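Peer 1: Here it is, the structure in full.
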Amino acid sequence: MVLFFQQIINALAIGGIYALMSVGYALIYSLLRFTNFAHSVAVTFGSYAIYVALTHITSNFYLGLIFGVLVGAVIALIIELTAYKPLLIKNSARSSLTIIGLGISTIGTNMIILIFSSRFKVIPTDFGGKSIQLLGAYISVLDIIIIAICLVMLLGVFLFINKTRTGLAIRAASHDLDSTALMGVDVQKFLSIIFILAGAMAGIAGVMLATKYQAYPSLATTMTNKSFISSVVGGLGSLGGAVAGSFILSTGEVMISGYVSSELRDLFSYGLLILVLLVRPYGLMGKRFDDKA
Amino acid sequence: MKKLVALLLVLAVTFSFIACGEQTETEAPSGGTNGDEIVVGFIGSMTGDDEIYGYVSWGAITMAVDRINEAGGVAGRQVVLKQYDDRADGVEAVNCARKAILNDGCVAIITSSSSAGLISINSVLEEYKVPCIAYAIGSELVTQTEEGETRPYMFRVNTTASQCTTVIGQYAAEVMGLKTAAIFYDITRTDGADGVEYFTKGFEEKGGSVVQVEAYKSGDVDFHAQLSALKANGGFEAIYSAAKYIELGMVINQMKEIGLETQMIGDRSWMMLDLFEVVGDNLEGAVFPSDIDFNDEKYADFNNEFQELWDVHPGVAVGTDAYCIQDACMILWNAIEKVAEAGEEITGENIRDSIEANSQNVECFTDTITIDPQTHNVRRSMGIFEIQNQNFVQIDSYDVTFG
Amino acid sequence: MTYWLGVLVQTCIYMIAIIGVSILSGFCGLFTLGHAGFMAIGAYTSAIVVNTFDVPIFVGLLAGMLLSTLLGLLIGAPTLRINGDYFIIATMGIGEAIYLLSQYLIPVTGGPYGYMDFHSFRGMEALFYVVPILIVVIVVTYFFIKSKHGRNIVALRENEMAALTVGINVYRYKMISMGYSCALCGLAGGLLAHYMTNVNPAMFTSTKSNDLVIAVVLGGRGSLTGAIIAAMILTPLPELLRFSSAQEWRLIMYGLTIVLVILFRPTGLYGDREFSISGLAKWIKRHSQRLMKRGEN
């Protein structure tokens, strides 16, 4: 029983990080209908931002976190303005956006390698392995912070989407971008807002990942793949689905790894993905985006 | 017009590259010596994730070559060293080997990028009859085929997995008195599977039993699930893990996070300088085997020299590479000297024969080494180390005479 | 076989794979990030079949192609019905899953050691297989895209809804594209296995899948010539750039080129045109006329 509880804790911590990334990704997908492969760039920059912050600027983790958020947001914005916006204006095929995202992801990862070298960077914090005990299970202090921050962020985003005017505009736009523009919403401006939001979340995710594990260039790519899977499981385009999918994925991974076989863990993730696509492609809460004839 | 320019640019670039290639081609790929020179090829990962390994090995081998050249060369000839980057990719390794032998006329190759790479280049070596000495890879299949035949052109100066890991397995049961152990291994690396096989063999030979095995993948960062499972089942007195580098740090930290404390047994990759950067003092009391101890007095001068030249301590990343590569060089110099003494031409084939026949009790950089003519594996001494106060302390030694 | 011939063999092998991916991603517009997985299937199958049943390499290659195609169609059947973004993620998943299975199924694939010591090409043999096969592939593909089927595939890429309304069986053509691309990748994989003399999982990672797609995007979506040129340039490139940090700079250049291509010339280098003699003649005529006009002024 203790093991089960411990595994649940493990799942929550990982799931929280997946959720941060998937919500950012789902946000962009629900509005613009494309897979933002450059998402992992914001995460990577977030990871290295905390490294730079804590080694050169400050020793306060939370200041570093804020720095990471800013870096993530700024990077996402830059990517949007230079790469995505020109294509969106031209109303390019969605596949072009996807591929350009891939290109940006390649540039980003290799730039990091050039600047920081591909060796891992340890984030100097004093969380190092400190845990508290709860009902026989160990929860590391860092995990508690991660879970807390994830919940706060997700709550914040949901409130923003559902309770503010801008949020209303976003929800409208996810149904129909053009009509929303006709209603007088400055679409350009709030596209940027979306990317800033997604970038900020990616930045936090990057900081968390780097602190919990270590910072190295391909960390983000592996993790963002998991967030794609989470989104698909939960339903591409649905924010709630992204969160649900993240926790389903992390719980499944942890349980398979702990109870069945640790070798099979990743096969489970991809198997789940394929299963969902075969049986219920729109995921749990996905929206259908068919052309209207 | 735009398209024409684009097309012409493309063609120009392609042709200029091919032209460069042609030029190298015409520089006499004689597959032998250029009269007064002995050309030796080094293949390593100079770029990419494993860049640091290549860097350190390259640093050490250039120092070895400079040293021998200053002393008059090998058999009176200067050694010329050529570098090839295989990016730890088996496909690349084959290209590098071809380039080394056919374009640059290497008569011997020294490399240890990856076991897959070494196995891939074997056919190139056999086709062109050029020997290769590996200095850091443990898997059996580098020198032996799956049927047990020895690969004629492949030699090795470091202990194999079956030698090194079996020894630590035996040590754990026999000397440390452990009865039960668990294994945590990397399923995507050859030394992961090897670790399971040989540790179990050595451990069970001396009366122990392996009670649980958990796996992970290279690139994984989260081991909580497996570690929690290990902790819940309990029933073992130690965990053997060949986790290295990044993963080791994360494994140890996560073990601490979930309160899993036990005797740790490692493998030779733990002899690395920056181990404590990642694990801090969480590995106190851990025991592991290693061919060499880079803190040994006799390496002090070398370490300083290396640090000055290359800006980094040679024990970083994979601690033993820089030292074992020198052994490989000295076996090679010895073999070439013997070929010259016998009055024969210095060709790849003759060097190969010489390595096989003449590598008995050769004084090398780290130890007196013998290469078994049957298996092409090494006979040398190795040590067992314990981590005390973030230091490697040798607590025992073995002479490896089997395998 | 000399070094440069080896590079040539590799270029031809990857060219086959790139042509395959070009049909699916370029002509049909369905991007894939996992086709290295189908190369892996072709590679392992061919090696295992040749080793276990002691048949000529030819048979192994066919077996590899067949299994690869079947698996591709199996996966395509459900995923091609829904929109393209799901398909991309699905292919990513497939590529990863195949990589993992090849690590895990040690008794079959040899795990991280890979599969080795099977009957392979000796010396120049590789060239005698690879070059004729490549030529056949190019010719077959050329006729395929020039035919009605080829045009239909392009039509569905441009506007699926419109294609449906004129009676094109969109789903069937998507499946055909998928099958064709998997077949070619499987063939390329098999050739690679016998050239390299061993097959291991690290040869077919997601990076390799990305490389295939990058080549198609740069060469031109919807152009066979484009795919050929892209393969000719991009495959030997790592060989020619062997200085420190070259790998990272090379990848940054690729990324940057993709970004620039998509922004300014989304149809890629060759767009949807093919190289042809009459095209060349027309182009010369057009430009010489222009030059003459300028001369007059």
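Labels for the structure tokens follow display order: chains A, B, ..., residues from 1 in each chain, ligands from 1.
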Which residues of chain A are close to chain C, meaning at most 9 Å apart when you count only C-alpha atoms, and how do they look as a PyMOL selection string?
Peer 2: chain A and resi 33-35+83+86-87+94-111+113-114+225+228-229+232+236+263-264+266-267+269-271+273-274+277-279+281-282+289-293
Peer 1: Please provide as a list in words all residues within 8 Å of region 359-376 of chain B, with the sequence filter that same-chain residues fewer than 5 positions apart are discarded (counting only C-alpha atoms).
Peer 2: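 Close residues of region 359-376 of chain B: Thr143, Gln144, Thr150, Met154, Phe155, Arg156, Val157, Ile292, Tyr323, Cys324, Gln326, Asp327, Met330, Ile331, Asn334, Ala335, Ser354, Ser381 and Gly403 of chain B.
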Peer 1: Listing only residues of chain B within 6 Å of chain A, what is the closest atom pair and its distance in Å (to one decimal) for each, using only C-alpha atoms, sorted by chain and residue number ascending, as JSON lines?
Peer 2:
{"residue": "B:Asp49", "atom": "CA", "partner": "A:Ser118", "partner_atom": "CA", "distance": 5.3}
{"residue": "B:Glu214", "atom": "CA", "partner": "A:Ser262", "partner_atom": "CA", "distance": 6.0}
{"residue": "B:Ala215", "atom": "CA", "partner": "A:Ser262", "partner_atom": "CA", "distance": 5.3}
{"residue": "B:Ala225", "atom": "CA", "partner": "A:Gly258", "partner_atom": "CA", "distance": 5.0}
{"residue": "B:Gln226", "atom": "CA", "partner": "A:Gly258", "partner_atom": "CA", "distance": 5.3}
{"residue": "B:Ala229", "atom": "CA", "partner": "A:Gly258", "partner_atom": "CA", "distance": 5.1}
{"residue": "B:Ala232", "atom": "CA", "partner": "A:Leu3", "partner_atom": "CA", "distance": 5.9}
{"residue": "B:Asn253", "atom": "CA", "partner": "A:Gly129", "partner_atom": "CA", "distance": 5.7}
{"residue": "B:Lys256", "atom": "CA", "partner": "A:Gly129", "partner_atom": "CA", "distance": 5.4}
{"residue": "B:Glu257", "atom": "CA", "partner": "A:Gly129", "partner_atom": "CA", "distance": 4.5}
{"residue": "B:Ile258", "atom": "CA", "partner": "A:Tyr138", "partner_atom": "CA", "distance": 4.9}
Peer 1: Could you dump the residues just selected with N, CA and C atoms as a CSV table (one decimal), in the first residue's frame?
Peer 2:
chain,number,residue,atom,x,y,z
B,49,ASP,N,27.1,14.7,-28.3
B,49,ASP,CA,26.9,14.5,-26.8
B,49,ASP,C,28.2,13.9,-26.2
B,214,GLU,N,15.9,-4.2,-12.1
B,214,GLU,CA,15.1,-3.1,-12.7
B,214,GLU,C,15.9,-2.4,-13.8
B,215,ALA,N,15.1,-1.9,-14.8
B,215,ALA,CA,15.8,-1.3,-15.9
B,215,ALA,C,15.4,0.2,-16.2
B,225,ALA,N,9.9,5.6,-10.1
B,225,ALA,CA,9.0,4.4,-10.2
B,225,ALA,C,9.9,3.2,-9.9
B,226,GLN,N,10.9,3.0,-10.6
B,226,GLN,CA,11.7,1.8,-10.4
B,226,GLN,C,12.4,1.7,-9.0
B,229,ALA,N,9.9,0.8,-6.5
B,229,ALA,CA,9.6,-0.6,-6.5
B,229,ALA,C,10.7,-1.4,-5.8
B,232,ALA,N,10.3,-0.9,-2.1
B,232,ALA,CA,9.2,-1.7,-1.5
B,232,ALA,C,9.5,-3.1,-1.4
B,253,ASN,N,20.5,10.8,-6.4
B,253,ASN,CA,19.7,11.8,-5.8
B,253,ASN,C,18.3,11.3,-5.5
B,256,LYS,N,18.0,9.0,-2.7
B,256,LYS,CA,17.9,9.8,-1.4
B,256,LYS,C,16.5,10.4,-1.2
B,257,GLU,N,16.0,10.9,-2.3
B,257,GLU,CA,14.6,11.5,-2.1
B,257,GLU,C,13.6,10.5,-1.6
B,258,ILE,N,13.7,9.3,-2.1
B,258,ILE,CA,12.6,8.4,-1.6
B,258,ILE,C,13.1,7.5,-0.4
Peer 1: Wanna dump the chain C-chain B contacts at 6 Å for me, each residue with its shortest atom pair and the distance in Å to one decimal, counting only C-alpha atoms, ordered by chain and number, as JSON lines?
Peer 2:
{"residue": "C:Tyr3", "atom": "CA", "partner": "B:Arg98", "partner_atom": "CA", "distance": 5.2}
{"residue": "C:Gln103", "atom": "CA", "partner": "B:Thr188", "partner_atom": "CA", "distance": 5.9}
{"residue": "C:Pro112", "atom": "CA", "partner": "B:Thr188", "partner_atom": "CA", "distance": 5.4}
{"residue": "C:Tyr113", "atom": "CA", "partner": "B:Thr190", "partner_atom": "CA", "distance": 5.8}
Peer 1: Which is closest to Ala238 (chain B) among B:Ile109, B:Val211, B:Ala342, B:Met272, if we use only C-alpha atoms?
Peer 2: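 Looking at the shortest contact to Ala238 (chain B), the residue is B:Val211.
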Peer 1: Just the helix (DSSP H, G or I) stuff from region 57-264 of chain A, please, per backbone DSSP, written as a PyMOL selection string.
Peer 2: chain A and resi 57+61-89+94-116+141-163+165-175+177-182+187-212+219-234+239-260+262-264
Peer 1: For those residues, write C-alpha atoms to a file as a compact mmCIF listing (two decimals), in the first residue's frame.
Peer 2:
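Done, and the output landed in result_35.txt:
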# COMPACT_ATOMS: atom_id res chain seq x y z
CA ILE A 57 23.09 36.25 -10.85
CA PHE A 61 15.63 29.85 -6.47
CA TYR A 62 12.44 31.82 -6.86
CA LEU A 63 14.15 34.75 -8.51
CA GLY A 64 15.70 32.27 -10.84
CA LEU A 65 12.27 30.84 -11.52
CA ILE A 66 10.95 34.26 -12.48
CA PHE A 67 13.94 34.73 -14.75
CA GLY A 68 13.14 31.40 -16.35
CA VAL A 69 9.54 32.44 -16.91
CA LEU A 70 10.62 35.66 -18.55
CA VAL A 71 13.14 33.93 -20.79
CA GLY A 72 10.57 31.33 -21.83
CA ALA A 73 8.00 33.99 -22.64
CA VAL A 74 10.43 36.14 -24.56
CA ILE A 75 11.74 33.25 -26.62
CA ALA A 76 8.23 32.14 -27.49
CA LEU A 77 7.36 35.67 -28.51
CA ILE A 78 10.44 36.02 -30.69
CA ILE A 79 9.64 32.75 -32.41
CA GLU A 80 6.09 33.83 -32.99
CA LEU A 81 7.01 37.20 -34.42
CA THR A 82 9.79 36.05 -36.69
CA ALA A 83 8.55 32.70 -37.87
CA TYR A 84 4.90 32.09 -37.25
CA LYS A 85 3.35 35.48 -37.76
CA PRO A 86 4.54 35.95 -41.36
CA LEU A 87 3.12 32.54 -42.21
CA LEU A 88 -0.15 33.14 -40.42
CA ILE A 89 -0.61 36.42 -42.24
CA ARG A 94 -0.61 24.30 -41.46
CA SER A 95 2.08 21.86 -42.44
CA SER A 96 4.40 24.76 -43.18
CA LEU A 97 4.00 25.97 -39.62
CA THR A 98 4.76 22.53 -38.30
CA ILE A 99 7.90 22.18 -40.33
CA ILE A 100 9.20 25.61 -39.54
CA GLY A 101 8.71 24.71 -35.91
CA LEU A 102 10.91 21.68 -36.47
CA GLY A 103 13.56 23.88 -38.03
CA ILE A 104 13.47 26.27 -35.10
CA SER A 105 13.67 23.40 -32.67
CA THR A 106 16.83 22.17 -34.42
CA ILE A 107 18.39 25.63 -34.33
CA GLY A 108 17.51 26.13 -30.68
CA THR A 109 18.88 22.82 -29.44
CA ASN A 110 22.15 23.16 -31.30
CA MET A 111 22.63 26.76 -30.26
CA ILE A 112 22.37 25.63 -26.66
CA ILE A 113 24.96 22.94 -27.31
CA LEU A 114 27.29 25.48 -28.85
CA ILE A 115 26.91 27.91 -25.98
CA PHE A 116 26.82 25.54 -23.07
CA VAL A 141 10.58 19.07 -1.02
CA LEU A 142 11.21 20.00 -4.61
CA ASP A 143 8.32 17.86 -5.80
CA ILE A 144 6.00 19.61 -3.39
CA ILE A 145 7.04 22.94 -4.81
CA ILE A 146 6.61 21.63 -8.35
CA ILE A 147 3.14 20.28 -7.69
CA ALA A 148 2.17 23.50 -5.97
CA ILE A 149 3.45 25.73 -8.75
CA CYS A 150 1.84 23.57 -11.41
CA LEU A 151 -1.51 23.74 -9.69
CA VAL A 152 -1.26 27.48 -9.25
CA MET A 153 -0.27 28.02 -12.88
CA LEU A 154 -2.98 25.76 -14.22
CA LEU A 155 -5.56 27.39 -12.02
CA GLY A 156 -4.33 30.78 -13.15
CA VAL A 157 -4.61 29.87 -16.79
CA PHE A 158 -8.07 28.44 -16.37
CA LEU A 159 -9.26 31.52 -14.54
CA PHE A 160 -7.72 33.69 -17.20
CA ILE A 161 -9.39 31.79 -20.00
CA ASN A 162 -12.75 31.58 -18.35
CA LYS A 163 -13.11 34.74 -16.36
CA ARG A 165 -12.39 39.39 -21.42
CA THR A 166 -9.21 38.35 -23.13
CA GLY A 167 -9.97 34.82 -22.11
CA LEU A 168 -13.35 35.17 -23.71
CA ALA A 169 -11.71 36.36 -26.90
CA ILE A 170 -9.46 33.32 -26.81
CA ARG A 171 -12.33 30.96 -26.39
CA ALA A 172 -14.16 32.64 -29.22
CA ALA A 173 -11.12 32.47 -31.44
CA SER A 174 -10.69 28.79 -30.81
CA HIS A 175 -14.02 28.30 -32.44
CA LEU A 177 -10.54 32.90 -35.71
CA ASP A 178 -11.94 34.97 -38.55
CA SER A 179 -15.26 35.82 -36.97
CA THR A 180 -13.51 36.88 -33.82
CA ALA A 181 -11.45 39.30 -35.83
CA LEU A 182 -14.63 40.60 -37.39
CA VAL A 187 -6.15 39.22 -33.37
CA GLN A 188 -2.47 40.05 -33.89
CA LYS A 189 -2.10 41.30 -30.37
CA PHE A 190 -3.68 38.41 -28.67
CA LEU A 191 -1.86 35.85 -30.76
CA SER A 192 1.20 37.30 -29.17
CA ILE A 193 -0.45 37.04 -25.78
CA ILE A 194 -1.11 33.36 -26.36
CA PHE A 195 2.49 32.71 -27.25
CA ILE A 196 3.71 34.68 -24.26
CA LEU A 197 1.46 32.62 -22.04
CA ALA A 198 2.52 29.32 -23.57
CA GLY A 199 6.14 30.43 -23.43
CA ALA A 200 5.88 31.39 -19.80
CA MET A 201 4.49 27.99 -18.93
CA ALA A 202 7.18 26.33 -20.98
CA GLY A 203 9.75 28.40 -19.13
CA ILE A 204 8.45 27.23 -15.76
CA ALA A 205 8.41 23.66 -16.98
CA GLY A 206 12.01 24.07 -18.09
CA VAL A 207 13.06 25.44 -14.74
CA MET A 208 11.34 22.59 -12.93
CA LEU A 209 12.84 19.97 -15.19
CA ALA A 210 16.33 21.34 -14.80
CA THR A 211 16.08 21.57 -11.05
CA LYS A 212 14.48 18.18 -10.59
CA LEU A 219 16.00 16.97 -22.00
CA ALA A 220 13.27 19.24 -23.28
CA THR A 221 12.79 17.33 -26.52
CA THR A 222 12.16 14.06 -24.72
CA MET A 223 9.76 15.74 -22.35
CA THR A 224 7.83 17.66 -24.97
CA ASN A 225 7.25 14.42 -26.82
CA LYS A 226 5.54 13.22 -23.68
CA SER A 227 3.45 16.35 -23.63
CA PHE A 228 2.36 15.75 -27.23
CA ILE A 229 1.23 12.30 -26.23
CA SER A 230 -0.60 13.73 -23.22
CA SER A 231 -2.40 16.18 -25.43
CA VAL A 232 -3.44 13.55 -27.90
CA VAL A 233 -4.70 11.28 -25.15
CA GLY A 234 -6.67 14.09 -23.61
CA LEU A 239 -6.90 22.41 -22.27
CA GLY A 240 -8.65 20.30 -19.70
CA GLY A 241 -7.88 17.30 -21.83
CA ALA A 242 -4.21 18.20 -21.87
CA VAL A 243 -4.10 18.22 -18.09
CA ALA A 244 -6.08 15.01 -17.79
CA GLY A 245 -3.95 13.35 -20.43
CA SER A 246 -0.76 14.37 -18.64
CA PHE A 247 -1.78 12.74 -15.40
CA ILE A 248 -3.11 9.66 -17.14
CA LEU A 249 0.19 9.29 -18.94
CA SER A 250 2.36 9.86 -15.90
CA THR A 251 0.32 7.55 -13.71
CA GLY A 252 0.34 4.85 -16.33
CA GLU A 253 4.10 5.17 -16.81
CA VAL A 254 4.80 5.01 -13.12
CA MET A 255 2.48 2.09 -12.49
CA ILE A 256 3.78 0.03 -15.40
CA SER A 257 7.32 0.77 -14.39
CA GLY A 258 6.77 -0.02 -10.77
CA TYR A 259 4.46 -2.99 -10.95
CA VAL A 260 4.95 -4.64 -14.28
CA SER A 262 10.51 -0.98 -15.91
CA GLU A 263 11.70 -1.99 -19.36
CA LEU A 264 8.23 -1.61 -20.73
Peer 1: For region 386-388 of chain B, work out the shell of residues within 6 Å, counting only C-alpha atoms and skipping chain neighbours fewer than 6 positions away, then give it as a VMD selection string.
Peer 2: chain B and resid 284 to 287
Peer 1: Any chance you can output those residues with C-alpha atoms as a PDB file, in the first residue's frame?
Peer 2:
ATOM      1  CA  GLU B 284      30.015   7.150   0.543  1.00  0.00           C
ATOM      2  CA  GLY B 285      31.006   3.590   1.033  1.00  0.00           C
ATOM      3  CA  ALA B 286      30.275   2.581  -2.525  1.00  0.00           C
ATOM      4  CA  VAL B 287      32.541  -0.053  -4.038  1.00  0.00           C
TER       5      VAL B 287
END
Peer 1: What lies within 12 Å of Leu273 (chain B) using only C-alpha atoms, ignoring chain neighbours under 2 positions off, as a PyMOL selection string?
Peer 2: chain B and resi 245+269-271+275-279+293-295+303+312-320+390-392
Peer 1: Write down as a PyMOL selection string the residues of region 14-251 of chain B whose backbone DSSP state falls under strand (DSSP E or B).
Peer 2: chain B and resi 37-44+74+77-85+108-111+132-134+144+150+154-156+180-186+209-216+238-241
Peer 1: Could the residues in this selection be written to a file with C-alpha atoms, as an mmCIF file, in the first residue's frame?
Peer 2:
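out.cif written:
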data_model
loop_
_atom_site.group_PDB
_atom_site.id
_atom_site.type_symbol
_atom_site.label_atom_id
_atom_site.label_comp_id
_atom_site.auth_asym_id
_atom_site.auth_seq_id
_atom_site.Cartn_x
_atom_site.Cartn_y
_atom_site.Cartn_z
ATOM 1 C CA GLU B 37 56.362 7.773 -41.400
ATOM 2 C CA ILE B 38 53.997 5.501 -39.595
ATOM 3 C CA VAL B 39 50.428 6.675 -39.960
ATOM 4 C CA VAL B 40 48.076 5.815 -37.129
ATOM 5 C CA GLY B 41 44.401 6.656 -37.114
ATOM 6 C CA PHE B 42 42.377 7.688 -34.085
ATOM 7 C CA ILE B 43 38.592 7.446 -34.295
ATOM 8 C CA GLY B 44 36.596 9.077 -31.545
ATOM 9 C CA VAL B 74 59.105 3.920 -33.520
ATOM 10 C CA ARG B 77 60.318 6.424 -37.924
ATOM 11 C CA GLN B 78 58.101 9.290 -36.859
ATOM 12 C CA VAL B 79 54.522 8.547 -36.012
ATOM 13 C CA VAL B 80 51.873 10.622 -37.721
ATOM 14 C CA LEU B 81 48.505 10.750 -36.029
ATOM 15 C CA LYS B 82 45.230 11.321 -37.870
ATOM 16 C CA GLN B 83 41.946 12.151 -36.224
ATOM 17 C CA TYR B 84 38.475 11.042 -37.326
ATOM 18 C CA ASP B 85 35.186 12.025 -35.800
ATOM 19 C CA ALA B 108 46.764 0.822 -37.414
ATOM 20 C CA ILE B 109 43.696 2.257 -35.780
ATOM 21 C CA ILE B 110 43.116 3.090 -32.156
ATOM 22 C CA THR B 111 39.558 3.687 -31.143
ATOM 23 C CA CYS B 132 42.730 -2.016 -34.402
ATOM 24 C CA ILE B 133 43.333 -1.686 -30.684
ATOM 25 C CA ALA B 134 40.442 -0.781 -28.427
ATOM 26 C CA GLN B 144 34.762 -12.338 -30.312
ATOM 27 C CA THR B 150 38.197 -14.369 -32.335
ATOM 28 C CA MET B 154 40.739 -6.512 -33.209
ATOM 29 C CA PHE B 155 42.674 -6.233 -29.943
ATOM 30 C CA ARG B 156 41.926 -4.799 -26.572
ATOM 31 C CA THR B 180 21.613 -10.809 -1.885
ATOM 32 C CA ALA B 181 21.776 -8.020 -4.440
ATOM 33 C CA ALA B 182 19.607 -6.121 -6.858
ATOM 34 C CA ILE B 183 20.624 -4.786 -10.252
ATOM 35 C CA PHE B 184 19.601 -1.530 -11.873
ATOM 36 C CA TYR B 185 20.723 -1.351 -15.499
ATOM 37 C CA ASP B 186 20.429 0.528 -18.752
ATOM 38 C CA SER B 209 21.859 -14.412 -5.338
ATOM 39 C CA VAL B 210 20.399 -11.615 -7.396
ATOM 40 C CA VAL B 211 16.874 -10.985 -6.211
ATOM 41 C CA GLN B 212 15.586 -8.123 -8.304
ATOM 42 C CA VAL B 213 16.394 -6.476 -11.585
ATOM 43 C CA GLU B 214 15.082 -3.102 -12.706
ATOM 44 C CA ALA B 215 15.795 -1.287 -15.937
ATOM 45 C CA TYR B 216 15.891 2.167 -17.423
ATOM 46 C CA ALA B 238 23.270 -3.993 -2.170
ATOM 47 C CA ILE B 239 22.436 -2.575 -5.561
ATOM 48 C CA TYR B 240 24.765 -3.041 -8.492
ATOM 49 C CA SER B 241 24.449 -0.404 -11.149
#
Peer 1: Quick one: residues within 8 Å of region 170-179 of chain C, only C-alpha atoms, excluding same-chain residues fewer than 5 positions away - as a short mmCIF file (atom, residue, chain, number, x, y, z; two decimals) with C-alpha atoms, in the first residue's frame?
Peer 2:
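New file selection28.cif:
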data_model
loop_
_atom_site.label_atom_id
_atom_site.label_comp_id
_atom_site.auth_asym_id
_atom_site.auth_seq_id
_atom_site.Cartn_x
_atom_site.Cartn_y
_atom_site.Cartn_z
CA ILE C 23 5.96 10.75 -51.92
CA LEU C 24 4.24 10.77 -48.54
CA CYS C 28 0.79 13.85 -50.43
CA THR C 69 4.80 -1.93 -46.20
CA LEU C 70 2.39 -4.13 -44.29
CA GLY C 72 2.87 0.96 -42.61
CA LEU C 73 -0.54 0.14 -44.02
CA GLY C 76 -2.03 4.05 -41.77
CA ALA C 77 -5.46 2.46 -41.85
CA LEU C 80 -5.05 8.42 -42.11
CA ARG C 81 -8.73 8.94 -41.59
CA HIS C 149 -2.42 8.63 -59.54
CA ASN C 152 -4.53 12.85 -57.72
CA ILE C 153 -2.15 12.69 -54.80
CA LEU C 156 -5.51 15.98 -52.40
CA GLU C 160 -8.67 17.69 -49.72
CA ALA C 163 -10.43 16.55 -54.33
CA LEU C 164 -13.19 14.62 -52.62
#
Peer 1: Calculated over only C-alpha atoms, which of the candidates A:Phe268, A:Gly235, A:Leu275, A:Leu54 has the smallest distance to Ser22 (chain A)?
Peer 2: A:Gly235
